[in-house]
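Undergrad: Next up is a structure, given as structure tokens.
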Amino acid sequence: FEQAQALAAEDGIELTLVSGWRSAEEQAQVVEDVVRKRGSLEEAKRWVLPPEASAHVAGTAIDVGATDGALWLGEHGAELGLCRTYANEMWHFEAVIEPGGTCPEMHEDSRVGWE
């Protein structure tokens, strides 16, 4: 992330870290919070994963901001090994490839991790 942040700054883009590693307990709380916010577990599944499936808990995911930073990372992340994995979350990136590789096709949302 620090390398991405420095490269984005060279392009005049502010890239901030909003969230990174979370404990299983923190992730479980995030799930509860999203269920409350979205009104149901079914709707929450589009936005959050349970601790046992979360890349945040595994230490391989970050959420970034601001919008310009997320857009910049979406364009340049593969060079650094970071890919958007969910089409509905422009801020969420995971270390799923080696730097310079090709990012896999995005999932529609995080429901795939609940299956």
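Here, A, B, ... name the chains of the structure tokens in the order displayed, residue numbers run from 1 inside each chain, and ligands are numbered from 1 in the same displayed order.
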Go through chain A and collect every residue that DSSP, computed from the backbone, puts in alpha helix (DSSP H); the answer should be as a ChimeraX atom specification.
TA: /A:2-10,24-38,41-44,55-58,67-80
Undergrad: Name all residues at most 9 Å from Glu89 in chain A (count only C-alpha atoms; drop same-chain ones fewer than 5 positions away) and give them as a PyMOL selection string.
TA: chain A and resi 47+63+84+109
Undergrad: Keeping only N, CA and C atoms, write the selected residues as a JSON list (two decimals), in the first residue's frame.
TA:
[["chain", "number", "residue", "atom", "x", "y", "z"],
["A", 47, "TRP", "N", -22.27, -6.99, 0.80],
["A", 47, "TRP", "CA", -21.29, -5.98, 1.19],
["A", 47, "TRP", "C", -20.24, -6.46, 2.17],
["A", 63, "ASP", "N", -9.19, -1.53, 2.24],
["A", 63, "ASP", "CA", -10.20, -0.60, 1.72],
["A", 63, "ASP", "C", -9.52, 0.76, 1.65],
["A", 84, "ARG", "N", -9.17, -5.10, -7.50],
["A", 84, "ARG", "CA", -10.56, -5.03, -7.05],
["A", 84, "ARG", "C", -11.16, -6.40, -7.24],
["A", 109, "ASP", "N", -20.58, -9.18, -6.30],
["A", 109, "ASP", "CA", -20.54, -8.69, -4.92],
["A", 109, "ASP", "C", -20.04, -9.83, -4.04]]
Undergrad: Report the distance between CA of Gln29 in chain A and CA of Ala58 in chain A in Å, rounded to one decimal place.
TA: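 If I compute the distance from CA of Gln29 in chain A to CA of Ala58 in chain A, I get 16.0 Å.
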Undergrad: When you look at Leu71 in chain A with a cut-off of 10 Å (counting only C-alpha atoms), what residues show up, excluding the ones that are within fewer than 6 positions of it in the same chain? I need them as a list in words.
TA: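 Result of the neighbour search: Ile13, Leu15, Val64, Gly65, Gly77, Met90 and Trp91 of chain A.
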Undergrad: Mind checking which residues fall within 12 Å of Glu26 in chain A, counting only C-alpha atoms, ignoring those fewer than 2 positions away in the same chain, and posting them as an mmCIF file with N, CA, C and O atoms, in the first residue's frame?
TA:
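Saved the output as selection.cif:
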data_model
loop_
_atom_site.group_PDB
_atom_site.id
_atom_site.type_symbol
_atom_site.label_atom_id
_atom_site.label_comp_id
_atom_site.auth_asym_id
_atom_site.auth_seq_id
_atom_site.Cartn_x
_atom_site.Cartn_y
_atom_site.Cartn_z
ATOM 1 N N SER A 19 -9.223 0.897 5.776
ATOM 2 C CA SER A 19 -9.289 -0.305 6.595
ATOM 3 C C SER A 19 -8.324 -1.340 6.037
ATOM 4 O O SER A 19 -8.128 -1.423 4.831
ATOM 5 N N GLY A 20 -7.766 -2.121 6.937
ATOM 6 C CA GLY A 20 -6.861 -3.197 6.524
ATOM 7 C C GLY A 20 -7.199 -4.460 7.285
ATOM 8 O O GLY A 20 -8.342 -4.923 7.262
ATOM 9 N N TRP A 21 -6.205 -4.996 7.986
ATOM 10 C CA TRP A 21 -6.415 -6.233 8.744
ATOM 11 C C TRP A 21 -7.436 -6.013 9.835
ATOM 12 O O TRP A 21 -7.473 -4.953 10.483
ATOM 13 N N ARG A 22 -8.286 -7.011 10.034
ATOM 14 C CA ARG A 22 -9.250 -7.015 11.136
ATOM 15 C C ARG A 22 -9.193 -8.363 11.826
ATOM 16 O O ARG A 22 -9.011 -9.393 11.171
ATOM 17 N N SER A 23 -9.400 -8.365 13.111
ATOM 18 C CA SER A 23 -9.513 -9.629 13.841
ATOM 19 C C SER A 23 -10.852 -10.271 13.470
ATOM 20 O O SER A 23 -11.765 -9.611 12.956
ATOM 21 N N ALA A 24 -10.989 -11.557 13.771
ATOM 22 C CA ALA A 24 -12.262 -12.242 13.525
ATOM 23 C C ALA A 24 -13.387 -11.584 14.307
ATOM 24 O O ALA A 24 -14.514 -11.442 13.797
ATOM 25 N N ALA A 28 -16.713 -9.901 12.698
ATOM 26 C CA ALA A 28 -18.059 -10.302 13.124
ATOM 27 C C ALA A 28 -18.881 -9.065 13.489
ATOM 28 O O ALA A 28 -20.076 -8.988 13.172
ATOM 29 N N GLN A 29 -18.255 -8.086 14.124
ATOM 30 C CA GLN A 29 -18.954 -6.844 14.454
ATOM 31 C C GLN A 29 -19.313 -6.071 13.196
ATOM 32 O O GLN A 29 -20.402 -5.493 13.104
ATOM 33 N N VAL A 30 -18.414 -6.065 12.210
ATOM 34 C CA VAL A 30 -18.715 -5.408 10.937
ATOM 35 C C VAL A 30 -19.939 -6.058 10.296
ATOM 36 O O VAL A 30 -20.835 -5.366 9.800
ATOM 37 N N VAL A 31 -19.997 -7.388 10.318
ATOM 38 C CA VAL A 31 -21.161 -8.089 9.771
ATOM 39 C C VAL A 31 -22.431 -7.632 10.488
ATOM 40 O O VAL A 31 -23.431 -7.279 9.850
ATOM 41 N N GLU A 32 -22.406 -7.626 11.811
ATOM 42 C CA GLU A 32 -23.574 -7.185 12.578
ATOM 43 C C GLU A 32 -23.973 -5.754 12.213
ATOM 44 O O GLU A 32 -25.166 -5.457 12.054
ATOM 45 N N ASP A 33 -22.976 -4.883 12.090
ATOM 46 C CA ASP A 33 -23.256 -3.482 11.759
ATOM 47 C C ASP A 33 -23.891 -3.350 10.376
ATOM 48 O O ASP A 33 -24.824 -2.566 10.188
ATOM 49 N N LEU A 49 -18.349 -10.082 4.350
ATOM 50 C CA LEU A 49 -18.171 -11.529 4.495
ATOM 51 C C LEU A 49 -18.027 -11.913 5.960
ATOM 52 O O LEU A 49 -17.554 -11.104 6.773
ATOM 53 N N PRO A 50 -18.369 -13.150 6.284
ATOM 54 C CA PRO A 50 -18.153 -13.615 7.658
ATOM 55 C C PRO A 50 -16.653 -13.737 7.926
ATOM 56 O O PRO A 50 -15.854 -13.818 6.990
ATOM 57 N N PRO A 51 -16.253 -13.732 9.182
ATOM 58 C CA PRO A 51 -14.830 -13.774 9.510
ATOM 59 C C PRO A 51 -14.056 -14.890 8.822
ATOM 60 O O PRO A 51 -12.939 -14.670 8.330
ATOM 61 N N GLU A 52 -14.649 -16.073 8.740
ATOM 62 C CA GLU A 52 -13.917 -17.211 8.162
ATOM 63 C C GLU A 52 -13.688 -17.079 6.659
ATOM 64 O O GLU A 52 -12.844 -17.779 6.094
ATOM 65 N N SER A 54 -13.360 -13.768 5.170
ATOM 66 C CA SER A 54 -12.917 -12.403 4.914
ATOM 67 C C SER A 54 -11.423 -12.301 4.627
ATOM 68 O O SER A 54 -10.590 -12.762 5.407
ATOM 69 N N HIS A 56 -9.949 -9.526 4.787
ATOM 70 C CA HIS A 56 -9.444 -8.596 5.802
ATOM 71 C C HIS A 56 -8.897 -9.389 6.994
ATOM 72 O O HIS A 56 -7.827 -9.076 7.507
ATOM 73 N N VAL A 57 -9.604 -10.413 7.410
ATOM 74 C CA VAL A 57 -9.152 -11.242 8.527
ATOM 75 C C VAL A 57 -7.889 -12.008 8.129
ATOM 76 O O VAL A 57 -6.973 -12.186 8.935
#
Undergrad: Could you pull the residues within 7 Å of Gly81 in chain A, counting only C-alpha atoms, minus those fewer than 4 positions along the same chain, as a short mmCIF file (atom, residue, chain, number, x, y, z; two decimals) with all heavy atoms, in the first residue's frame?
TA:
data_model
loop_
_atom_site.label_atom_id
_atom_site.label_comp_id
_atom_site.auth_asym_id
_atom_site.auth_seq_id
_atom_site.Cartn_x
_atom_site.Cartn_y
_atom_site.Cartn_z
N GLY A 77 -3.48 -0.86 -9.79
CA GLY A 77 -3.27 -1.85 -8.75
C GLY A 77 -2.58 -3.13 -9.19
O GLY A 77 -1.76 -3.69 -8.47
N ALA A 95 -4.77 -8.63 -2.37
CA ALA A 95 -3.50 -9.11 -2.93
C ALA A 95 -3.72 -10.53 -3.44
O ALA A 95 -3.49 -11.50 -2.73
CB ALA A 95 -2.41 -9.07 -1.86
N VAL A 96 -4.22 -10.63 -4.68
CA VAL A 96 -4.57 -11.94 -5.24
C VAL A 96 -3.68 -12.35 -6.40
O VAL A 96 -3.82 -13.45 -6.93
CB VAL A 96 -6.06 -11.99 -5.68
CG1 VAL A 96 -6.99 -11.89 -4.47
CG2 VAL A 96 -6.38 -10.91 -6.69
N ILE A 97 -2.77 -11.46 -6.82
CA ILE A 97 -1.85 -11.77 -7.91
C ILE A 97 -0.45 -11.30 -7.54
O ILE A 97 -0.28 -10.51 -6.62
CB ILE A 97 -2.28 -11.09 -9.24
CG1 ILE A 97 -2.29 -9.56 -9.09
CG2 ILE A 97 -3.62 -11.63 -9.72
CD1 ILE A 97 -2.45 -8.80 -10.38
N GLU A 98 0.52 -11.76 -8.29
CA GLU A 98 1.87 -11.22 -8.16
C GLU A 98 1.90 -9.85 -8.84
O GLU A 98 1.17 -9.62 -9.82
CB GLU A 98 2.88 -12.15 -8.84
CG GLU A 98 3.02 -13.50 -8.15
CD GLU A 98 3.61 -13.37 -6.75
OE1 GLU A 98 4.53 -12.56 -6.54
OE2 GLU A 98 3.12 -14.09 -5.85
N PRO A 99 2.73 -8.93 -8.36
CA PRO A 99 2.82 -7.63 -9.03
C PRO A 99 3.10 -7.79 -10.52
O PRO A 99 3.92 -8.62 -10.93
CB PRO A 99 4.00 -6.95 -8.31
CG PRO A 99 3.96 -7.55 -6.94
CD PRO A 99 3.57 -9.00 -7.17
N GLY A 100 2.36 -7.03 -11.32
CA GLY A 100 2.51 -7.09 -12.77
C GLY A 100 1.63 -8.14 -13.43
O GLY A 100 1.59 -8.23 -14.65
N GLY A 101 0.90 -8.91 -12.63
CA GLY A 101 0.02 -9.94 -13.17
C GLY A 101 -1.29 -9.35 -13.70
O GLY A 101 -1.45 -8.13 -13.80
#
Undergrad: Report the residues of chain A whose backbone DSSP state falls under strand (DSSP E), written as a list in words.
TA: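 In chain A, DSSP puts these residues in strand (DSSP E): Thr16, Leu17, Val18, Ser19, Ala61, Ile62, Asp63, Val64, Gly65, Cys83, Arg84, His92, Phe93 and Glu94 of chain A.
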Undergrad: So that I can see what lies close to Trp72 in chain A, please list as a PyMOL selection string the residues with an atom at most 12 Å from it, counting only C-alpha atoms and leaving out residues fewer than 2 positions away in the same chain.
TA: chain A and resi 4-16+64-70+74-79+82-84+90-91+93
Undergrad: How far is it from CA of Ala61 in chain A to CA of Ala87 in chain A, in Å with one decimal?
TA: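 Rounded to one decimal, the two atoms are 15.0 Å apart.
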Undergrad: In Å, rounded to a single decimal, give me how far CA of Gln3 in chain A is from CA of Val48 in chain A.
TA: 26.6 Å
Undergrad: For a quick check of understanding, using only C-alpha atoms, which of A:Arg38, A:Thr85, A:Phe1, A:Ala53 has the smallest distance to Cys103 in chain A?
TA: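 Comparing A:Arg38, A:Thr85, A:Phe1, A:Ala53 against Cys103 in chain A, the winner is A:Thr85.
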